[in-house]
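This is work-v4.txt (compact mmCIF, C-alpha atoms).
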```
# COMPACT_ATOMS: atom_id res chain seq x y z
CA MET X 1 -36.82 -13.59 -50.61
CA LYS X 2 -36.47 -10.57 -52.87
CA TRP X 3 -39.52 -8.63 -54.04
CA ALA X 4 -40.02 -6.26 -56.93
CA ILE X 5 -42.50 -3.54 -56.01
CA ILE X 6 -43.78 -2.17 -59.28
CA ARG X 7 -44.21 1.59 -59.41
CA PHE X 8 -46.69 3.10 -61.85
CA PRO X 9 -47.34 6.81 -62.22
CA GLY X 10 -49.81 7.31 -59.38
CA SER X 11 -48.85 4.34 -57.17
CA ASN X 12 -48.99 5.44 -53.54
CA CYS X 13 -48.75 2.32 -51.36
CA ASP X 14 -45.30 1.41 -52.66
CA GLU X 15 -43.49 2.62 -49.53
CA ASP X 16 -46.01 0.86 -47.28
CA ALA X 17 -45.42 -2.37 -49.20
CA ARG X 18 -41.66 -2.05 -48.80
CA PHE X 19 -42.05 -1.30 -45.08
CA ALA X 20 -44.17 -4.43 -44.58
CA LEU X 21 -41.96 -6.75 -46.67
CA LYS X 22 -38.85 -5.51 -44.85
CA LYS X 23 -40.49 -5.79 -41.46
CA ALA X 24 -41.12 -9.46 -42.26
CA GLY X 25 -37.42 -9.84 -43.07
CA MET X 26 -37.60 -9.78 -46.86
CA GLU X 27 -35.81 -7.65 -49.40
CA ALA X 28 -37.70 -5.25 -51.64
CA ARG X 29 -36.73 -3.05 -54.56
CA PHE X 30 -38.78 -0.57 -56.56
CA VAL X 31 -39.17 -1.29 -60.27
CA TRP X 32 -40.47 1.38 -62.67
CA HIS X 33 -43.34 0.34 -64.94
CA THR X 34 -41.32 0.83 -68.13
CA GLU X 35 -38.95 -2.06 -67.26
CA ARG X 36 -39.26 -5.18 -69.40
CA GLU X 37 -37.33 -7.69 -67.27
CA LEU X 38 -37.75 -8.94 -63.72
CA LYS X 39 -34.47 -10.75 -63.18
CA GLY X 40 -33.28 -11.74 -59.72
CA PHE X 41 -36.66 -11.39 -58.00
CA ASP X 42 -38.66 -14.07 -56.19
CA GLY X 43 -41.91 -12.13 -56.02
CA VAL X 44 -43.74 -9.19 -57.54
CA PHE X 45 -45.87 -6.81 -55.51
CA LEU X 46 -48.32 -4.53 -57.33
CA PRO X 47 -49.09 -1.82 -54.78
CA GLY X 48 -52.19 0.27 -54.28
CA GLY X 49 -52.70 3.77 -55.56
CA PHE X 50 -54.28 5.53 -58.50
CA SER X 51 -52.18 4.45 -61.46
CA TYR X 52 -52.81 6.82 -64.36
CA GLY X 53 -55.36 8.63 -62.21
CA ASP X 54 -57.77 5.69 -62.62
CA TYR X 55 -58.44 7.03 -66.14
CA LEU X 56 -60.49 4.86 -68.50
CA ARG X 57 -61.01 2.31 -65.68
CA ALA X 58 -59.05 1.72 -62.48
CA GLY X 59 -55.94 -0.25 -63.45
CA ALA X 60 -56.79 -0.34 -67.17
CA LEU X 61 -53.89 1.74 -68.45
CA ALA X 62 -51.32 0.30 -66.01
CA ALA X 63 -52.30 -3.18 -67.23
CA LYS X 64 -50.88 -2.22 -70.66
CA SER X 65 -47.50 -1.12 -69.23
CA PRO X 66 -44.32 -2.74 -70.59
CA VAL X 67 -43.58 -4.30 -67.19
CA MET X 68 -46.85 -6.23 -67.21
CA GLU X 69 -45.60 -8.57 -69.93
CA ALA X 70 -42.72 -9.45 -67.63
CA VAL X 71 -45.16 -9.87 -64.74
CA ARG X 72 -47.23 -12.23 -66.92
CA ARG X 73 -44.18 -14.41 -67.65
CA PHE X 74 -43.20 -14.25 -63.99
CA ALA X 75 -46.65 -15.54 -62.99
CA GLN X 76 -46.55 -18.27 -65.63
CA GLU X 77 -43.29 -19.50 -64.11
CA GLY X 78 -45.23 -20.07 -60.89
CA ARG X 79 -43.57 -17.29 -58.94
CA TYR X 80 -45.54 -15.12 -56.53
CA VAL X 81 -47.45 -12.08 -57.74
CA ILE X 82 -49.52 -10.10 -55.24
CA GLY X 83 -51.76 -7.20 -56.16
CA VAL X 84 -53.35 -5.12 -53.43
CA CYS X 85 -56.15 -2.64 -54.13
CA ASN X 86 -55.11 -0.89 -57.36
CA GLY X 87 -52.75 -3.84 -57.81
CA PHE X 88 -55.76 -6.20 -57.77
CA GLN X 89 -57.52 -3.98 -60.30
CA ILE X 90 -54.44 -4.11 -62.53
CA LEU X 91 -54.29 -7.94 -62.27
CA THR X 92 -57.91 -8.30 -63.40
CA GLU X 93 -57.46 -5.75 -66.18
CA ALA X 94 -54.38 -7.66 -67.35
CA GLY X 95 -56.35 -10.90 -67.33
CA LEU X 96 -54.07 -12.51 -64.74
CA LEU X 97 -57.07 -12.91 -62.46
CA PRO X 98 -60.71 -13.35 -63.56
CA GLY X 99 -63.50 -10.85 -63.04
CA ALA X 100 -63.46 -7.10 -62.64
CA LEU X 101 -63.67 -4.44 -59.94
CA LEU X 102 -66.52 -2.01 -60.47
CA ALA X 103 -67.50 1.24 -58.77
CA ASN X 104 -68.58 0.71 -55.15
CA LEU X 105 -72.35 0.36 -54.95
CA ASN X 106 -72.67 3.51 -52.84
CA LEU X 107 -70.30 5.38 -55.22
CA HIS X 108 -68.23 6.53 -52.25
CA PHE X 109 -64.50 6.32 -51.84
CA THR X 110 -64.52 4.18 -48.71
CA CYS X 111 -61.61 4.39 -46.31
CA LYS X 112 -62.06 2.39 -43.11
CA GLU X 113 -61.24 -0.87 -41.36
CA VAL X 114 -63.37 -3.84 -42.30
CA GLY X 115 -63.71 -7.47 -41.26
CA VAL X 116 -62.00 -9.92 -43.63
CA ARG X 117 -62.43 -13.67 -43.18
CA VAL X 118 -59.60 -16.00 -44.15
CA GLU X 119 -61.12 -18.79 -46.26
CA ARG X 120 -57.95 -20.74 -47.07
CA THR X 121 -54.84 -21.37 -45.03
CA ASP X 122 -52.89 -23.59 -47.44
CA LEU X 123 -51.28 -20.61 -49.19
CA PRO X 124 -48.05 -19.00 -48.05
CA PHE X 125 -49.74 -15.63 -47.41
CA THR X 126 -52.47 -17.16 -45.23
CA GLN X 127 -50.78 -20.13 -43.56
CA LEU X 128 -50.16 -18.26 -40.31
CA TYR X 129 -53.86 -17.41 -39.92
CA GLY X 130 -56.58 -19.73 -38.68
CA LYS X 131 -59.21 -20.92 -41.12
CA GLY X 132 -62.29 -18.74 -40.67
CA GLN X 133 -60.33 -16.17 -38.68
CA VAL X 134 -61.74 -12.66 -39.15
CA LEU X 135 -59.02 -10.04 -39.59
CA ARG X 136 -59.41 -6.29 -39.18
CA LEU X 137 -57.86 -4.71 -42.27
CA PRO X 138 -58.02 -1.26 -43.84
CA ILE X 139 -59.66 -0.65 -47.18
CA ALA X 140 -59.40 2.56 -49.23
CA HIS X 141 -61.01 2.41 -52.64
CA ALA X 142 -63.80 3.64 -54.88
CA GLU X 143 -63.81 0.70 -57.29
CA GLY X 144 -63.79 -2.49 -55.25
CA ARG X 145 -67.06 -4.20 -56.15
CA TYR X 146 -65.91 -7.61 -57.31
CA TYR X 147 -67.87 -8.80 -60.31
CA ALA X 148 -67.63 -11.93 -62.42
CA ASP X 149 -70.24 -13.72 -64.50
CA GLU X 150 -72.13 -16.64 -62.95
CA ASP X 151 -69.94 -19.36 -64.47
CA THR X 152 -66.73 -17.69 -63.34
CA LEU X 153 -68.11 -17.17 -59.83
CA ALA X 154 -69.22 -20.80 -59.59
CA ARG X 155 -65.79 -21.91 -60.75
CA LEU X 156 -63.98 -19.68 -58.23
CA GLU X 157 -66.14 -20.99 -55.41
CA GLY X 158 -65.92 -24.60 -56.58
CA GLU X 159 -62.13 -24.47 -56.77
CA GLY X 160 -61.83 -22.72 -53.42
CA ARG X 161 -60.16 -19.71 -54.96
CA VAL X 162 -61.85 -17.11 -52.79
CA VAL X 163 -59.12 -16.50 -50.21
CA PHE X 164 -60.58 -13.49 -48.41
CA ARG X 165 -64.23 -12.55 -47.86
CA TYR X 166 -65.74 -9.52 -46.16
CA ALA X 167 -67.24 -10.54 -42.83
CA PRO X 168 -68.85 -8.77 -39.90
CA LEU X 169 -66.66 -7.39 -37.15
CA LYS X 170 -68.34 -7.51 -33.75
CA GLY X 171 -71.85 -6.10 -33.89
CA GLU X 172 -71.61 -4.95 -37.49
CA GLY X 173 -74.69 -5.51 -39.62
CA ASP X 174 -73.89 -4.22 -43.08
CA TYR X 175 -70.36 -5.55 -43.50
CA ASN X 176 -69.89 -5.70 -47.28
CA PRO X 177 -68.32 -2.29 -47.99
CA ASN X 178 -68.68 -2.15 -51.76
CA GLY X 179 -71.29 -4.62 -52.99
CA SER X 180 -68.81 -7.31 -54.06
CA LEU X 181 -70.53 -10.48 -55.25
CA ASN X 182 -70.32 -13.29 -52.67
CA ASP X 183 -68.58 -10.77 -50.35
CA ILE X 184 -65.34 -11.43 -52.26
CA ALA X 185 -62.36 -9.44 -50.99
CA GLY X 186 -59.51 -11.49 -52.50
CA ILE X 187 -58.93 -14.36 -54.94
CA VAL X 188 -56.08 -16.47 -56.31
CA ASN X 189 -55.40 -18.01 -59.71
CA GLU X 190 -55.57 -21.78 -60.32
CA LYS X 191 -51.97 -22.40 -59.28
CA GLY X 192 -52.30 -20.29 -56.15
CA ASN X 193 -49.32 -18.07 -56.98
CA VAL X 194 -51.20 -14.95 -58.13
CA LEU X 195 -53.23 -13.22 -55.42
CA GLY X 196 -55.37 -10.11 -55.69
CA MET X 197 -57.15 -8.43 -52.80
CA MET X 198 -58.77 -5.08 -52.06
CA PRO X 199 -57.91 -4.81 -48.31
CA HIS X 200 -54.44 -3.56 -47.39
CA PRO X 201 -52.45 -6.00 -45.20
CA GLU X 202 -49.36 -3.80 -45.68
CA ARG X 203 -51.08 -0.99 -43.79
CA ALA X 204 -51.63 -3.18 -40.74
CA VAL X 205 -48.18 -4.39 -39.73
CA ASP X 206 -47.03 -1.99 -37.03
CA GLU X 207 -48.06 -1.71 -33.37
CA ILE X 208 -47.73 2.06 -33.48
CA LEU X 209 -50.66 2.23 -35.93
CA GLY X 210 -52.77 0.05 -33.66
CA ASN X 211 -53.24 -2.91 -35.98
CA THR X 212 -50.93 -5.80 -36.82
CA ASP X 213 -53.47 -8.16 -38.39
CA GLY X 214 -51.63 -7.88 -41.71
CA LEU X 215 -48.22 -8.93 -40.41
CA PRO X 216 -48.77 -12.74 -40.56
CA PHE X 217 -49.63 -12.27 -44.27
CA PHE X 218 -46.01 -11.23 -44.88
CA LEU X 219 -44.40 -13.52 -42.30
CA GLY X 220 -46.15 -16.49 -43.93
CA MET X 221 -44.28 -15.85 -47.17
CA VAL X 222 -40.97 -16.04 -45.38
CA LYS X 223 -41.92 -19.40 -43.92
CA GLU X 224 -42.78 -20.75 -47.37
CA VAL X 225 -39.33 -19.95 -48.65
CA ALA X 226 -37.61 -21.46 -45.63
CA ARG X 227 -39.47 -24.74 -46.07
CA MET T 228 -51.99 9.77 -95.36
CA ARG T 229 -55.62 10.59 -94.57
CA ARG T 230 -56.85 11.21 -91.04
CA TYR T 231 -59.92 9.62 -89.56
CA GLN T 232 -61.91 10.17 -86.40
CA ALA T 233 -63.55 7.22 -84.72
CA THR T 234 -66.21 7.62 -82.03
CA LEU T 235 -66.21 4.65 -79.69
CA LEU T 236 -69.00 4.11 -77.20
CA ILE T 237 -68.13 1.95 -74.19
CA GLU T 238 -71.02 0.80 -72.02
CA LEU T 239 -71.47 -1.47 -69.02
CA LYS T 240 -72.90 -4.80 -70.12
CA GLU T 241 -76.61 -5.31 -69.74
CA GLY T 242 -77.44 -6.74 -66.35
CA ILE T 243 -74.48 -5.15 -64.56
CA LEU T 244 -75.73 -2.75 -61.93
CA ASP T 245 -74.72 0.82 -62.77
CA PRO T 246 -74.90 2.91 -59.59
CA GLN T 247 -73.92 6.07 -61.51
CA GLY T 248 -76.88 5.57 -63.82
CA ARG T 249 -79.13 4.96 -60.81
CA ALA T 250 -78.00 8.21 -59.19
CA VAL T 251 -78.65 10.20 -62.38
CA GLU T 252 -82.01 8.47 -62.75
CA GLY T 253 -82.94 9.46 -59.18
CA VAL T 254 -82.09 13.12 -59.78
CA LEU T 255 -84.04 13.25 -63.04
CA LYS T 256 -87.04 11.76 -61.25
CA ASP T 257 -86.65 14.29 -58.43
CA LEU T 258 -86.80 17.02 -61.10
CA GLY T 259 -90.11 15.61 -62.24
CA HIS T 260 -89.00 13.75 -65.36
CA PRO T 261 -90.63 10.35 -65.70
CA VAL T 262 -87.52 8.46 -66.87
CA GLU T 263 -87.47 4.67 -66.84
CA SER T 264 -83.74 4.09 -66.57
CA VAL T 265 -80.35 5.71 -67.09
CA ARG T 266 -77.04 4.02 -67.86
CA VAL T 267 -73.79 5.96 -67.97
CA GLY T 268 -71.13 5.04 -70.51
CA LYS T 269 -68.00 6.56 -72.01
CA VAL T 270 -67.38 8.14 -75.39
CA LEU T 271 -63.89 8.19 -76.86
CA GLU T 272 -63.05 10.26 -79.93
CA ILE T 273 -59.86 9.01 -81.48
CA VAL T 274 -58.08 10.60 -84.44
CA PHE T 275 -55.58 8.46 -86.32
CA PRO T 276 -54.00 8.08 -89.76
CA ALA T 277 -55.20 5.47 -92.27
CA GLU T 278 -55.01 4.99 -96.04
CA THR T 279 -58.66 4.19 -96.65
CA LEU T 280 -62.00 4.15 -94.85
CA LEU T 281 -61.85 0.37 -94.75
CA GLN T 282 -58.43 0.37 -93.09
CA ALA T 283 -59.64 3.04 -90.69
CA GLU T 284 -62.57 0.85 -89.72
CA GLU T 285 -60.27 -2.09 -89.03
CA LYS T 286 -58.03 0.10 -86.89
CA ALA T 287 -61.02 1.53 -85.00
CA LYS T 288 -62.26 -1.98 -84.20
CA GLU T 289 -58.82 -2.99 -83.00
CA LEU T 290 -58.78 0.03 -80.68
CA GLY T 291 -62.24 -0.83 -79.36
CA GLN T 292 -60.98 -4.25 -78.36
CA ILE T 293 -57.98 -2.76 -76.57
CA LEU T 294 -59.95 -0.10 -74.70
CA ALA T 295 -63.03 -1.98 -73.48
CA ASN T 296 -62.91 -4.65 -70.79
CA PRO T 297 -64.97 -7.58 -72.10
CA VAL T 298 -65.64 -8.82 -68.55
CA MET T 299 -67.97 -5.91 -67.88
CA GLU T 300 -68.23 -3.73 -70.96
CA THR T 301 -69.31 -3.71 -74.56
CA TRP T 302 -68.03 -1.31 -77.19
CA THR T 303 -69.61 0.07 -80.34
CA LEU T 304 -68.07 2.00 -83.19
CA GLU T 305 -70.64 4.78 -83.25
CA ALA T 306 -69.16 6.88 -86.06
CA LEU T 307 -66.16 7.00 -88.34
CA LYS T 308 -65.32 9.91 -90.59
CA GLU T 309 -62.44 11.43 -92.46
CA VAL T 310 -61.21 14.65 -90.88
CA PRO T 311 -59.07 17.41 -92.44
```

This entry written out as C-alpha cells:
Amino acid sequence: MKWAIIRFPGSNCDEDARFALKKAGMEARFVWHTERELKGFDGVFLPGGFSYGDYLRAGALAAKSPVMEAVRRFAQEGRYVIGVCNGFQILTEAGLLPGALLANLNLHFTCKEVGVRVERTDLPFTQLYGKGQVLRLPIAHAEGRYYADEDTLARLEGEGRVVFRYAPLKGEGDYNPNGSLNDIAGIVNEKGNVLGMMPHPERAVDEILGNTDGLPFFLGMVKEVAR
Amino acid sequence: MRRYQATLLIELKEGILDPQGRAVEGVLKDLGHPVESVRVGKVLEIVFPAETLLQAEEKAKELGQILANPVMETWTLEALKEVP
C-alpha cells in the first residue's frame, strides 16, 4: 500500500508519519501541497503541524490548497484519507468531515499522553484493537475542542461514527484534555474511508520511545489490503 | 479600475463557548470593570479592485463566505469604501 503524505508549509509530523507507515511495511512518499494529482497512491495522510502558522483558523488556509481538490476526489473514490491533529483540522475546514475544532477550553497548548478509547473495530485502522480498549496516545494541540451542532452530533453518534473518544487512564479524573463535545477524539465519514483524529498514533509506534499503542493502527491498514 | 476596502468581521456563533472572551472578561472584572460578557472576533481589512461599489459589495460578500467557517462562525461586512 502506497501513501501520499501531504506536506503544507508548516507541517511537522510528516517524517513521523512516514516512519510509522514504513514501520508497518507500507510505502510512503511526500507530496507538496501545490500538486493537483494523486496518481498511483492508495492512501492520503494529512500530517500534524501548524500549516500556514494556524493563521485565520487552524487548517483553514491549508484546506484551500490546490492538493485538497485532489484529496476530495480521492476520498469520493472511497480511498483512504487520514488526518491527524492539524490534518483533522484541515479535513473539517475542507468539509470532508463534519464539525470544527475550536480552541482548547483552557486555552493551553496541551502536549501529553491521554487515554483514548476505541469505539469501533470494524475499520482497517482499528481492527487490531479490542472494542472499548483504552490506548495511551500523545496529543499536542491548542485547537482540539471538537464542536458540532446538536443535529450533527446526534447523527455522528447514531451512525457510530465516533471512532475514538477520550477516556480516563488509570486513576485519572479529568480526562477530556480540550473540552471536546461527547469526549470526541476522532471521527469517520459515512463510508468509513475518511478518518480524522487529534491524538497522534504515529508518535507511538516505537519501543525506544516507550509507547507502541499506535502501531496496530498502521498494521491494521496492511491487513485490510491483504484481505 | 477603482480600489475598495472591505472590513469583514468574523465572530464565533452565538452559543459557542469562547474561552478567549471569558479570559478577557475575567481580567476586566479583576480591574474593577463591571462587564457582562466579552466575545473575541477577528477583523479583516481587504483591499481589492472593482468597477463599482455594487460590484465591490458582491466581491466582499464572496470573500466573507470563503473566509468564515459556517460551522462555528458568522461574518458581517462591517464597512466598504473606495480608497485612493

Up to 9 Å from chain T, what residues of chain X turn up? Count all atoms listed in the file and give them as a PyMOL selection string.
chain X and resi 56-57+60-61+93+98-100+102-107+147-149

Export C-alpha atoms of the chosen residues as an mmCIF file, keeping the file's coordinate frame?
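Written out: part-v4.cif:
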```
data_model
loop_
_atom_site.group_PDB
_atom_site.id
_atom_site.type_symbol
_atom_site.label_atom_id
_atom_site.label_comp_id
_atom_site.auth_asym_id
_atom_site.auth_seq_id
_atom_site.Cartn_x
_atom_site.Cartn_y
_atom_site.Cartn_z
ATOM 1 C CA LEU X 56 -60.490 4.860 -68.500
ATOM 2 C CA ARG X 57 -61.010 2.310 -65.680
ATOM 3 C CA ALA X 60 -56.790 -0.340 -67.170
ATOM 4 C CA LEU X 61 -53.890 1.740 -68.450
ATOM 5 C CA GLU X 93 -57.460 -5.750 -66.180
ATOM 6 C CA PRO X 98 -60.710 -13.350 -63.560
ATOM 7 C CA GLY X 99 -63.500 -10.850 -63.040
ATOM 8 C CA ALA X 100 -63.460 -7.100 -62.640
ATOM 9 C CA LEU X 102 -66.520 -2.010 -60.470
ATOM 10 C CA ALA X 103 -67.500 1.240 -58.770
ATOM 11 C CA ASN X 104 -68.580 0.710 -55.150
ATOM 12 C CA LEU X 105 -72.350 0.360 -54.950
ATOM 13 C CA ASN X 106 -72.670 3.510 -52.840
ATOM 14 C CA LEU X 107 -70.300 5.380 -55.220
ATOM 15 C CA TYR X 147 -67.870 -8.800 -60.310
ATOM 16 C CA ALA X 148 -67.630 -11.930 -62.420
ATOM 17 C CA ASP X 149 -70.240 -13.720 -64.500
#
```

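Within 6 Å of the file-frame point (-59.1, -1.5, -60.6), and using all atoms listed in the file, the polymer residues found are Ala58, Gly59, Asn86, Gln89, Ile90 and Leu101 of chain X.
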
Store the residues of this selection in a file with C-alpha atoms, as a PDB file, keeping the file's coordinate frame.
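Produced file out20.pdb, reproduced below:
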```pdb
ATOM      1  CA  ALA X  58     -59.050   1.720 -62.480  1.00  0.00           C
ATOM      2  CA  GLY X  59     -55.940  -0.250 -63.450  1.00  0.00           C
ATOM      3  CA  ASN X  86     -55.110  -0.890 -57.360  1.00  0.00           C
ATOM      4  CA  GLN X  89     -57.520  -3.980 -60.300  1.00  0.00           C
ATOM      5  CA  ILE X  90     -54.440  -4.110 -62.530  1.00  0.00           C
ATOM      6  CA  LEU X 101     -63.670  -4.440 -59.940  1.00  0.00           C
TER       7      LEU X 101
END
```

If you measure from atom CA of Glu202 of chain X to atom CA of Glu159 of chain X, what distance in Å do you get, rounded to one decimal?
26.7 Å

For Phe217 of chain X, list every protein, DNA or RNA residue within 9 Å, evaluated using all atoms listed in the file, and leave out those in the same chain fewer than 2 positions away; present the list as a short mmCIF file (atom, residue, chain, number, x, y, z; two decimals) with C-alpha atoms, in the frame of the given file.
```cif
data_model
loop_
_atom_site.label_atom_id
_atom_site.label_comp_id
_atom_site.auth_asym_id
_atom_site.auth_seq_id
_atom_site.Cartn_x
_atom_site.Cartn_y
_atom_site.Cartn_z
CA PRO X 124 -48.05 -19.00 -48.05
CA PHE X 125 -49.74 -15.63 -47.41
CA THR X 126 -52.47 -17.16 -45.23
CA GLN X 127 -50.78 -20.13 -43.56
CA LEU X 128 -50.16 -18.26 -40.31
CA TYR X 129 -53.86 -17.41 -39.92
CA PRO X 201 -52.45 -6.00 -45.20
CA GLU X 202 -49.36 -3.80 -45.68
CA ASP X 213 -53.47 -8.16 -38.39
CA GLY X 214 -51.63 -7.88 -41.71
CA LEU X 215 -48.22 -8.93 -40.41
CA LEU X 219 -44.40 -13.52 -42.30
CA GLY X 220 -46.15 -16.49 -43.93
CA MET X 221 -44.28 -15.85 -47.17
#
```

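We find atom CA of Thr34 of chain X and atom CA of Glu190 of chain X to be spaced 27.8 Å apart.
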
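One finds atom CA of Glu157 of chain X at 11.4 Å from atom CA of Leu181 of chain X.
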
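The residue set within 6 Å of segment 275-283 of chain T, counting all atoms listed in the file and dropping same-chain residues fewer than 3 places from it, reads Met228, Arg229, Arg230, Tyr231 and Lys286 of chain T.
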
Let me see the file: selected residues, C-alpha atoms, as an mmCIF file, keeping the file's coordinate frame.
```cif
data_model
loop_
_atom_site.group_PDB
_atom_site.id
_atom_site.type_symbol
_atom_site.label_atom_id
_atom_site.label_comp_id
_atom_site.auth_asym_id
_atom_site.auth_seq_id
_atom_site.Cartn_x
_atom_site.Cartn_y
_atom_site.Cartn_z
ATOM 1 C CA MET T 228 -51.990 9.770 -95.360
ATOM 2 C CA ARG T 229 -55.620 10.590 -94.570
ATOM 3 C CA ARG T 230 -56.850 11.210 -91.040
ATOM 4 C CA TYR T 231 -59.920 9.620 -89.560
ATOM 5 C CA LYS T 286 -58.030 0.100 -86.890
#
```

Neighbours of point (-73.7, -12.6, -47.5) within 12 Å, using only C-alpha atoms, written as a tab-separated table (two decimals) with C-alpha atoms, in the frame of the given file:
```
chain	number	residue	atom	x	y	z
X	165	ARG	CA	-64.23	-12.55	-47.86
X	166	TYR	CA	-65.74	-9.52	-46.16
X	167	ALA	CA	-67.24	-10.54	-42.83
X	168	PRO	CA	-68.85	-8.77	-39.90
X	173	GLY	CA	-74.69	-5.51	-39.62
X	174	ASP	CA	-73.89	-4.22	-43.08
X	175	TYR	CA	-70.36	-5.55	-43.50
X	176	ASN	CA	-69.89	-5.70	-47.28
X	177	PRO	CA	-68.32	-2.29	-47.99
X	179	GLY	CA	-71.29	-4.62	-52.99
X	180	SER	CA	-68.81	-7.31	-54.06
X	181	LEU	CA	-70.53	-10.48	-55.25
X	182	ASN	CA	-70.32	-13.29	-52.67
X	183	ASP	CA	-68.58	-10.77	-50.35
X	184	ILE	CA	-65.34	-11.43	-52.26
```

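Among the candidates T:Gln292, T:Val274, T:Glu241, T:Thr234, the residue lying nearest to Leu307 of chain T is T:Thr234 (atoms considered: all atoms listed in the file).
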
For Val163 of chain X: contacts at 9 Å, only C-alpha atoms, fewer than 5 positions along chain excluded, given as a PyMOL selection string
chain X and resi 117-121+123+126+184-188+195+197
